[in-house]
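upload.txt follows (compact mmCIF, N, CA and C atoms):
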```
# COMPACT_ATOMS: atom_id res chain seq x y z
N MET A 1 -153.75 132.91 -164.30
CA MET A 1 -153.18 133.25 -165.60
C MET A 1 -151.65 133.12 -165.57
N SER A 2 -151.01 133.74 -164.57
CA SER A 2 -149.56 133.68 -164.47
C SER A 2 -149.08 132.25 -164.26
N GLN A 3 -149.82 131.51 -163.44
CA GLN A 3 -149.41 130.14 -163.14
C GLN A 3 -149.40 129.27 -164.39
N SER A 4 -150.40 129.44 -165.23
CA SER A 4 -150.45 128.61 -166.44
C SER A 4 -149.34 129.00 -167.42
N ARG A 5 -148.99 130.27 -167.46
CA ARG A 5 -147.91 130.70 -168.35
C ARG A 5 -146.55 130.18 -167.87
N VAL A 6 -146.35 130.21 -166.57
CA VAL A 6 -145.10 129.68 -166.03
C VAL A 6 -145.03 128.17 -166.24
N ALA A 7 -146.15 127.49 -166.05
CA ALA A 7 -146.18 126.04 -166.28
C ALA A 7 -145.90 125.72 -167.75
N MET A 8 -146.47 126.51 -168.65
CA MET A 8 -146.23 126.28 -170.08
C MET A 8 -144.77 126.54 -170.43
N ALA A 9 -144.18 127.55 -169.82
CA ALA A 9 -142.76 127.84 -170.05
C ALA A 9 -141.89 126.69 -169.54
N ALA A 10 -142.27 126.12 -168.39
CA ALA A 10 -141.51 124.99 -167.85
C ALA A 10 -141.60 123.79 -168.79
N MET A 11 -142.78 123.56 -169.36
CA MET A 11 -142.91 122.46 -170.33
C MET A 11 -142.07 122.73 -171.57
N ALA A 12 -142.03 123.97 -172.01
CA ALA A 12 -141.22 124.32 -173.18
C ALA A 12 -139.74 124.08 -172.91
N VAL A 13 -139.29 124.37 -171.70
CA VAL A 13 -137.90 124.09 -171.34
C VAL A 13 -137.63 122.59 -171.42
N GLY A 14 -138.57 121.79 -170.96
CA GLY A 14 -138.42 120.34 -171.03
C GLY A 14 -138.33 119.85 -172.46
N VAL A 15 -139.16 120.39 -173.33
CA VAL A 15 -139.14 120.00 -174.75
C VAL A 15 -137.81 120.44 -175.38
N ALA A 16 -137.37 121.64 -175.06
CA ALA A 16 -136.10 122.14 -175.60
C ALA A 16 -134.94 121.27 -175.14
N HIS A 17 -134.97 120.87 -173.87
CA HIS A 17 -133.90 120.01 -173.36
C HIS A 17 -133.90 118.66 -174.06
N ALA A 18 -135.08 118.10 -174.31
CA ALA A 18 -135.16 116.83 -175.03
C ALA A 18 -134.64 116.98 -176.46
N ALA A 19 -134.95 118.09 -177.10
CA ALA A 19 -134.45 118.34 -178.46
C ALA A 19 -132.93 118.46 -178.46
N TYR A 20 -132.39 119.13 -177.44
CA TYR A 20 -130.95 119.26 -177.33
C TYR A 20 -130.29 117.89 -177.16
N GLU A 21 -130.84 117.07 -176.28
CA GLU A 21 -130.28 115.73 -176.06
C GLU A 21 -130.33 114.90 -177.34
N TYR A 22 -131.41 115.01 -178.08
CA TYR A 22 -131.53 114.30 -179.36
C TYR A 22 -130.48 114.80 -180.35
N ALA A 23 -130.33 116.12 -180.44
CA ALA A 23 -129.35 116.70 -181.38
C ALA A 23 -127.93 116.30 -181.00
N LYS A 24 -127.64 116.29 -179.71
CA LYS A 24 -126.30 115.91 -179.25
C LYS A 24 -126.01 114.45 -179.58
N ALA A 25 -126.99 113.59 -179.32
CA ALA A 25 -126.81 112.16 -179.62
C ALA A 25 -126.61 111.94 -181.12
N TYR A 26 -127.38 112.66 -181.93
CA TYR A 26 -127.25 112.53 -183.37
C TYR A 26 -125.87 113.01 -183.83
N ALA A 27 -125.41 114.14 -183.28
CA ALA A 27 -124.11 114.68 -183.68
C ALA A 27 -122.98 113.73 -183.29
N LEU A 28 -123.14 113.01 -182.21
CA LEU A 28 -122.11 112.04 -181.80
C LEU A 28 -122.16 110.77 -182.66
N GLU A 29 -123.34 110.46 -183.18
CA GLU A 29 -123.52 109.24 -183.97
C GLU A 29 -123.17 109.45 -185.45
N ARG A 30 -123.58 110.59 -186.00
CA ARG A 30 -123.41 110.87 -187.43
C ARG A 30 -121.95 111.15 -187.72
N LYS A 31 -121.44 110.50 -188.75
CA LYS A 31 -120.03 110.68 -189.12
C LYS A 31 -119.91 111.37 -190.47
N ALA A 32 -118.91 112.23 -190.57
CA ALA A 32 -118.54 112.88 -191.83
C ALA A 32 -117.03 112.83 -191.92
N PHE A 33 -116.54 112.33 -193.01
CA PHE A 33 -115.10 112.18 -193.22
C PHE A 33 -114.48 111.32 -192.14
N GLY A 34 -115.24 110.33 -191.65
CA GLY A 34 -114.72 109.36 -190.70
C GLY A 34 -114.73 109.76 -189.24
N VAL A 35 -115.24 110.95 -188.93
CA VAL A 35 -115.31 111.39 -187.53
C VAL A 35 -116.72 111.88 -187.22
N PRO A 36 -117.14 111.79 -185.96
CA PRO A 36 -118.47 112.31 -185.61
C PRO A 36 -118.55 113.81 -185.88
N ILE A 37 -119.71 114.24 -186.37
CA ILE A 37 -119.84 115.67 -186.69
C ILE A 37 -119.79 116.53 -185.42
N ALA A 38 -119.99 115.92 -184.25
CA ALA A 38 -119.90 116.68 -183.01
C ALA A 38 -118.49 117.21 -182.77
N THR A 39 -117.50 116.61 -183.42
CA THR A 39 -116.12 117.09 -183.25
C THR A 39 -115.82 118.31 -184.11
N LYS A 40 -116.71 118.63 -185.01
CA LYS A 40 -116.53 119.81 -185.86
C LYS A 40 -116.89 121.06 -185.05
N GLN A 41 -116.08 122.09 -185.17
CA GLN A 41 -116.24 123.28 -184.35
C GLN A 41 -117.61 123.93 -184.52
N ALA A 42 -118.10 124.02 -185.73
CA ALA A 42 -119.38 124.68 -185.97
C ALA A 42 -120.52 123.93 -185.27
N ILE A 43 -120.51 122.62 -185.34
CA ILE A 43 -121.55 121.82 -184.69
C ILE A 43 -121.42 121.93 -183.17
N ALA A 44 -120.19 121.84 -182.67
CA ALA A 44 -119.97 121.95 -181.22
C ALA A 44 -120.44 123.30 -180.70
N PHE A 45 -120.20 124.37 -181.46
CA PHE A 45 -120.66 125.70 -181.05
C PHE A 45 -122.18 125.78 -181.05
N MET A 46 -122.83 125.18 -182.05
CA MET A 46 -124.30 125.18 -182.08
C MET A 46 -124.87 124.44 -180.88
N LEU A 47 -124.28 123.30 -180.54
CA LEU A 47 -124.75 122.55 -179.38
C LEU A 47 -124.52 123.32 -178.09
N ALA A 48 -123.38 123.97 -177.99
CA ALA A 48 -123.08 124.77 -176.80
C ALA A 48 -124.06 125.93 -176.67
N GLU A 49 -124.36 126.58 -177.76
CA GLU A 49 -125.32 127.69 -177.74
C GLU A 49 -126.70 127.21 -177.32
N MET A 50 -127.10 126.04 -177.83
CA MET A 50 -128.39 125.46 -177.42
C MET A 50 -128.42 125.23 -175.91
N ALA A 51 -127.35 124.65 -175.37
CA ALA A 51 -127.30 124.36 -173.94
C ALA A 51 -127.37 125.65 -173.12
N ILE A 52 -126.67 126.69 -173.56
CA ILE A 52 -126.68 127.97 -172.85
C ILE A 52 -128.08 128.58 -172.85
N GLU A 53 -128.73 128.58 -174.01
CA GLU A 53 -130.07 129.16 -174.11
C GLU A 53 -131.07 128.39 -173.25
N ILE A 54 -130.96 127.08 -173.22
CA ILE A 54 -131.87 126.27 -172.41
C ILE A 54 -131.66 126.55 -170.93
N ASP A 55 -130.41 126.62 -170.51
CA ASP A 55 -130.13 126.92 -169.10
C ASP A 55 -130.61 128.31 -168.71
N ALA A 56 -130.43 129.29 -169.58
CA ALA A 56 -130.89 130.64 -169.29
C ALA A 56 -132.41 130.68 -169.17
N THR A 57 -133.08 129.98 -170.07
CA THR A 57 -134.54 129.93 -170.02
C THR A 57 -135.02 129.22 -168.77
N ARG A 58 -134.34 128.14 -168.39
CA ARG A 58 -134.69 127.42 -167.16
C ARG A 58 -134.59 128.35 -165.95
N LEU A 59 -133.54 129.15 -165.90
CA LEU A 59 -133.38 130.08 -164.78
C LEU A 59 -134.48 131.15 -164.76
N LEU A 60 -134.89 131.62 -165.94
CA LEU A 60 -135.98 132.58 -165.99
C LEU A 60 -137.29 131.97 -165.50
N VAL A 61 -137.53 130.71 -165.86
CA VAL A 61 -138.74 130.03 -165.39
C VAL A 61 -138.69 129.86 -163.88
N TRP A 62 -137.52 129.48 -163.35
CA TRP A 62 -137.39 129.34 -161.90
C TRP A 62 -137.66 130.67 -161.20
N GLU A 63 -137.16 131.76 -161.76
CA GLU A 63 -137.38 133.08 -161.17
C GLU A 63 -138.87 133.43 -161.19
N ALA A 64 -139.53 133.14 -162.30
CA ALA A 64 -140.98 133.42 -162.38
C ALA A 64 -141.75 132.56 -161.38
N ALA A 65 -141.36 131.29 -161.24
CA ALA A 65 -142.02 130.41 -160.27
C ALA A 65 -141.78 130.89 -158.85
N ALA A 66 -140.59 131.40 -158.56
CA ALA A 66 -140.30 131.93 -157.24
C ALA A 66 -141.15 133.16 -156.96
N CYS A 67 -141.37 133.99 -157.96
CA CYS A 67 -142.25 135.15 -157.79
C CYS A 67 -143.66 134.70 -157.45
N LEU A 68 -144.15 133.69 -158.14
CA LEU A 68 -145.48 133.17 -157.84
C LEU A 68 -145.55 132.62 -156.43
N ASP A 69 -144.49 131.92 -156.00
CA ASP A 69 -144.46 131.38 -154.64
C ASP A 69 -144.52 132.48 -153.58
N ARG A 70 -143.94 133.64 -153.90
CA ARG A 70 -143.95 134.76 -152.96
C ARG A 70 -145.23 135.59 -153.08
N GLY A 71 -146.11 135.20 -154.01
CA GLY A 71 -147.36 135.93 -154.20
C GLY A 71 -147.21 137.16 -155.07
N GLU A 72 -146.11 137.27 -155.79
CA GLU A 72 -145.86 138.42 -156.65
C GLU A 72 -146.34 138.11 -158.07
N ASP A 73 -146.44 139.17 -158.87
CA ASP A 73 -146.82 139.02 -160.27
C ASP A 73 -145.62 138.53 -161.07
N ALA A 74 -145.78 137.44 -161.75
CA ALA A 74 -144.68 136.87 -162.52
C ALA A 74 -144.67 137.34 -163.97
N LEU A 75 -145.62 138.17 -164.36
CA LEU A 75 -145.70 138.60 -165.74
C LEU A 75 -144.98 139.90 -166.01
N LYS A 76 -144.79 140.72 -164.98
CA LYS A 76 -144.14 142.01 -165.18
C LYS A 76 -142.63 141.87 -165.05
N GLU A 77 -141.95 142.64 -165.85
CA GLU A 77 -140.50 142.68 -165.79
C GLU A 77 -140.08 143.49 -164.58
N ARG A 78 -139.16 142.94 -163.81
CA ARG A 78 -138.70 143.63 -162.60
C ARG A 78 -137.23 144.00 -162.75
N LEU A 79 -136.88 145.14 -162.20
CA LEU A 79 -135.49 145.55 -162.16
C LEU A 79 -134.87 145.03 -160.89
N PRO A 80 -133.57 144.70 -160.90
CA PRO A 80 -132.92 144.24 -159.67
C PRO A 80 -133.08 145.26 -158.55
N GLY A 81 -133.41 144.78 -157.36
CA GLY A 81 -133.55 145.64 -156.20
C GLY A 81 -134.90 146.32 -156.08
N SER A 82 -135.80 146.06 -157.02
CA SER A 82 -137.11 146.72 -156.95
C SER A 82 -138.18 145.80 -156.40
```

Write-out of the structure in C-alpha cells:
Amino acid sequence: MSQSRVAMAAMAVGVAHAAYEYAKAYALERKAFGVPIATKQAIAFMLAEMAIEIDATRLLVWEAAACLDRGEDALKERLPGS
C-alpha cells in the first residue's frame, strides 16, 4: 500500500515538473507589449513558486521512499529525531 502511494506521488512530481517546463517555455515565447511575459514580475514569481513547490514535493517523496527502503512506514508523519 505504501509503495504504491509513494510511486504515485513520484509520478505526480514528474507530471508537475513537465507542466512547469511547459509553462516556463510558454512564458518565454509569449510576448506582451513587445517583451516575453516571463520578464514580468508576477509571471516570474508564479514560475518561481511552482519550482519551489515541485522541489519541496520531490524531497518529500524521496524521504518517503527512504523510509520504505529502511522498512519503515511511509504513511505516518514523523517528528525529527523520532

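For A:Val6, the non-local neighbours within 8 Å, defined as residues at least 6 positions apart in the same chain or in other chains and counting only N, CA and C atoms, are Ala12, Val61, Ala64, Ala65 and Ala74 of chain A.
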
Could you write those residues out with N, CA and C atoms, as a compact mmCIF listing (two decimals), keeping the file's coordinate frame?
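Contents of the output file result-v4.txt:
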```txt
# COMPACT_ATOMS: atom_id res chain seq x y z
N ALA A 12 -142.03 123.97 -172.01
CA ALA A 12 -141.22 124.32 -173.18
C ALA A 12 -139.74 124.08 -172.91
N VAL A 61 -137.53 130.71 -165.86
CA VAL A 61 -138.74 130.03 -165.39
C VAL A 61 -138.69 129.86 -163.88
N ALA A 64 -139.53 133.14 -162.30
CA ALA A 64 -140.98 133.42 -162.38
C ALA A 64 -141.75 132.56 -161.38
N ALA A 65 -141.36 131.29 -161.24
CA ALA A 65 -142.02 130.41 -160.27
C ALA A 65 -141.78 130.89 -158.85
N ALA A 74 -145.78 137.44 -161.75
CA ALA A 74 -144.68 136.87 -162.52
C ALA A 74 -144.67 137.34 -163.97
```

With only C-alpha atoms as the basis for distance, which of A:Gln41, A:Ser4, A:Glu72, A:Ile54 is at the shortest distance from A:Glu21?
A:Ile54

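Counting only N, CA and C atoms, stretch 66-71 of chain A has the following residues at most 8 Å away, ignoring those fewer than 4 positions along the same chain: A:Ser2, A:Gln3, A:Leu60, A:Val61, A:Trp62, A:Leu75.
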
Counting all atoms listed in the file, which of A:Met1, A:Ala7, A:Leu47, A:Ala38 gets nearest to A:Tyr26?
A:Ala38

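From atom CA of A:Met50 back to atom N of A:Glu63, the distance works out to 19.0 Å.
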
Could you jot down the atom N of A:Tyr20 to atom CA of A:Phe33 separation for me, Å, one decimal place?
24.4 Å

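The space separating atom CA of A:Met8 from atom CA of A:Ala51 comes to 19.4 Å.
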
Per DSSP on the backbone, what are the alpha helix (DSSP H) residues of chain A, as an MDAnalysis selection string?
chainID A and resid 2:29 41:69

If you run DSSP over the backbone, which residues in stretch 15-65 of chain A end up strand (DSSP E or B)? Put them as a ChimeraX atom specification.
/A:31-32,35-36

Residue subset to file, keeping N, CA and C atoms, as a PDB file, in the coordinates of the input:
```pdb
ATOM      1  N   LYS A  31    -121.440 110.500-188.750  1.00  0.00           N
ATOM      2  CA  LYS A  31    -120.030 110.680-189.120  1.00  0.00           C
ATOM      3  C   LYS A  31    -119.910 111.370-190.470  1.00  0.00           C
ATOM      4  N   ALA A  32    -118.910 112.230-190.570  1.00  0.00           N
ATOM      5  CA  ALA A  32    -118.540 112.880-191.830  1.00  0.00           C
ATOM      6  C   ALA A  32    -117.030 112.830-191.920  1.00  0.00           C
ATOM      7  N   VAL A  35    -115.240 110.950-188.930  1.00  0.00           N
ATOM      8  CA  VAL A  35    -115.310 111.390-187.530  1.00  0.00           C
ATOM      9  C   VAL A  35    -116.720 111.880-187.220  1.00  0.00           C
ATOM     10  N   PRO A  36    -117.140 111.790-185.960  1.00  0.00           N
ATOM     11  CA  PRO A  36    -118.470 112.310-185.610  1.00  0.00           C
ATOM     12  C   PRO A  36    -118.550 113.810-185.880  1.00  0.00           C
TER      13      PRO A  36
END
```

From the block I gave, I'd like stretch 57-71 of chain A written with all heavy atoms, as a short mmCIF file (atom, residue, chain, number, x, y, z; two decimals), in the first residue's frame.
```cif
data_model
loop_
_atom_site.label_atom_id
_atom_site.label_comp_id
_atom_site.auth_asym_id
_atom_site.auth_seq_id
_atom_site.Cartn_x
_atom_site.Cartn_y
_atom_site.Cartn_z
N THR A 57 8.03 19.01 -2.93
CA THR A 57 7.30 17.76 -3.07
C THR A 57 8.24 16.62 -3.44
O THR A 57 8.12 15.50 -2.92
CB THR A 57 6.19 17.89 -4.12
OG1 THR A 57 5.36 19.01 -3.77
CG2 THR A 57 5.34 16.64 -4.19
N ARG A 58 9.21 16.90 -4.31
CA ARG A 58 10.20 15.88 -4.69
C ARG A 58 10.97 15.41 -3.45
O ARG A 58 11.19 14.22 -3.26
CB ARG A 58 11.16 16.42 -5.73
CG ARG A 58 12.21 15.42 -6.17
CD ARG A 58 13.17 15.97 -7.19
NE ARG A 58 12.49 16.20 -8.45
CZ ARG A 58 12.34 17.39 -9.03
NH1 ARG A 58 12.86 18.48 -8.49
NH2 ARG A 58 11.70 17.50 -10.17
N LEU A 59 11.35 16.34 -2.59
CA LEU A 59 12.08 15.97 -1.37
C LEU A 59 11.21 15.13 -0.43
O LEU A 59 11.71 14.19 0.21
CB LEU A 59 12.58 17.22 -0.66
CG LEU A 59 13.71 17.97 -1.37
CD1 LEU A 59 13.99 19.29 -0.66
CD2 LEU A 59 14.95 17.12 -1.45
N LEU A 60 9.92 15.45 -0.34
CA LEU A 60 9.03 14.65 0.49
C LEU A 60 8.90 13.23 -0.05
O LEU A 60 8.87 12.26 0.72
CB LEU A 60 7.65 15.30 0.57
CG LEU A 60 7.54 16.54 1.45
CD1 LEU A 60 6.18 17.20 1.26
CD2 LEU A 60 7.76 16.18 2.90
N VAL A 61 8.83 13.10 -1.37
CA VAL A 61 8.74 11.77 -1.98
C VAL A 61 10.03 11.00 -1.72
O VAL A 61 9.99 9.81 -1.39
CB VAL A 61 8.44 11.88 -3.49
CG1 VAL A 61 8.57 10.53 -4.18
CG2 VAL A 61 7.05 12.45 -3.71
N TRP A 62 11.17 11.66 -1.85
CA TRP A 62 12.45 10.99 -1.56
C TRP A 62 12.50 10.52 -0.11
O TRP A 62 12.99 9.43 0.17
CB TRP A 62 13.62 11.92 -1.85
CG TRP A 62 13.93 12.11 -3.29
CD1 TRP A 62 13.41 11.42 -4.36
CD2 TRP A 62 14.82 13.06 -3.84
NE1 TRP A 62 13.93 11.89 -5.53
CE2 TRP A 62 14.81 12.90 -5.24
CE3 TRP A 62 15.63 14.04 -3.30
CZ2 TRP A 62 15.57 13.68 -6.08
CZ3 TRP A 62 16.39 14.82 -4.15
CH2 TRP A 62 16.37 14.64 -5.53
N GLU A 63 12.02 11.34 0.81
CA GLU A 63 12.00 10.96 2.22
C GLU A 63 11.10 9.75 2.44
O GLU A 63 11.46 8.82 3.18
CB GLU A 63 11.54 12.13 3.09
CG GLU A 63 11.45 11.82 4.56
CD GLU A 63 12.80 11.55 5.20
OE1 GLU A 63 13.82 12.05 4.72
OE2 GLU A 63 12.81 10.81 6.20
N ALA A 64 9.94 9.75 1.81
CA ALA A 64 9.04 8.60 1.94
C ALA A 64 9.66 7.34 1.35
O ALA A 64 9.56 6.26 1.92
CB ALA A 64 7.70 8.91 1.26
N ALA A 65 10.33 7.48 0.20
CA ALA A 65 10.99 6.33 -0.41
C ALA A 65 12.12 5.82 0.46
O ALA A 65 12.32 4.60 0.59
CB ALA A 65 11.51 6.71 -1.80
N ALA A 66 12.85 6.71 1.11
CA ALA A 66 13.92 6.31 2.01
C ALA A 66 13.35 5.55 3.21
O ALA A 66 13.94 4.57 3.67
CB ALA A 66 14.71 7.53 2.48
N CYS A 67 12.20 5.98 3.71
CA CYS A 67 11.55 5.26 4.80
C CYS A 67 11.20 3.84 4.36
O CYS A 67 11.41 2.88 5.11
CB CYS A 67 10.28 5.99 5.25
SG CYS A 67 10.56 7.48 6.20
N LEU A 68 10.66 3.70 3.17
CA LEU A 68 10.34 2.37 2.66
C LEU A 68 11.58 1.52 2.52
O LEU A 68 11.57 0.33 2.85
CB LEU A 68 9.63 2.48 1.31
CG LEU A 68 8.21 3.03 1.31
CD1 LEU A 68 7.67 3.13 -0.10
CD2 LEU A 68 7.29 2.17 2.17
N ASP A 69 12.68 2.12 2.05
CA ASP A 69 13.93 1.38 1.91
C ASP A 69 14.44 0.86 3.26
O ASP A 69 15.06 -0.20 3.33
CB ASP A 69 15.01 2.24 1.26
CG ASP A 69 14.79 2.44 -0.23
OD1 ASP A 69 13.97 1.69 -0.81
OD2 ASP A 69 15.43 3.33 -0.80
N ARG A 70 14.18 1.63 4.32
CA ARG A 70 14.62 1.23 5.66
C ARG A 70 13.61 0.28 6.33
O ARG A 70 13.80 -0.14 7.46
CB ARG A 70 14.81 2.46 6.55
CG ARG A 70 15.99 3.32 6.17
CD ARG A 70 16.26 4.38 7.22
NE ARG A 70 15.13 5.28 7.45
CZ ARG A 70 14.93 6.45 6.81
NH1 ARG A 70 15.80 6.86 5.90
NH2 ARG A 70 13.90 7.19 7.10
N GLY A 71 12.51 0.00 5.63
CA GLY A 71 11.49 -0.89 6.19
C GLY A 71 10.54 -0.19 7.13
O GLY A 71 9.81 -0.83 7.88
#
```
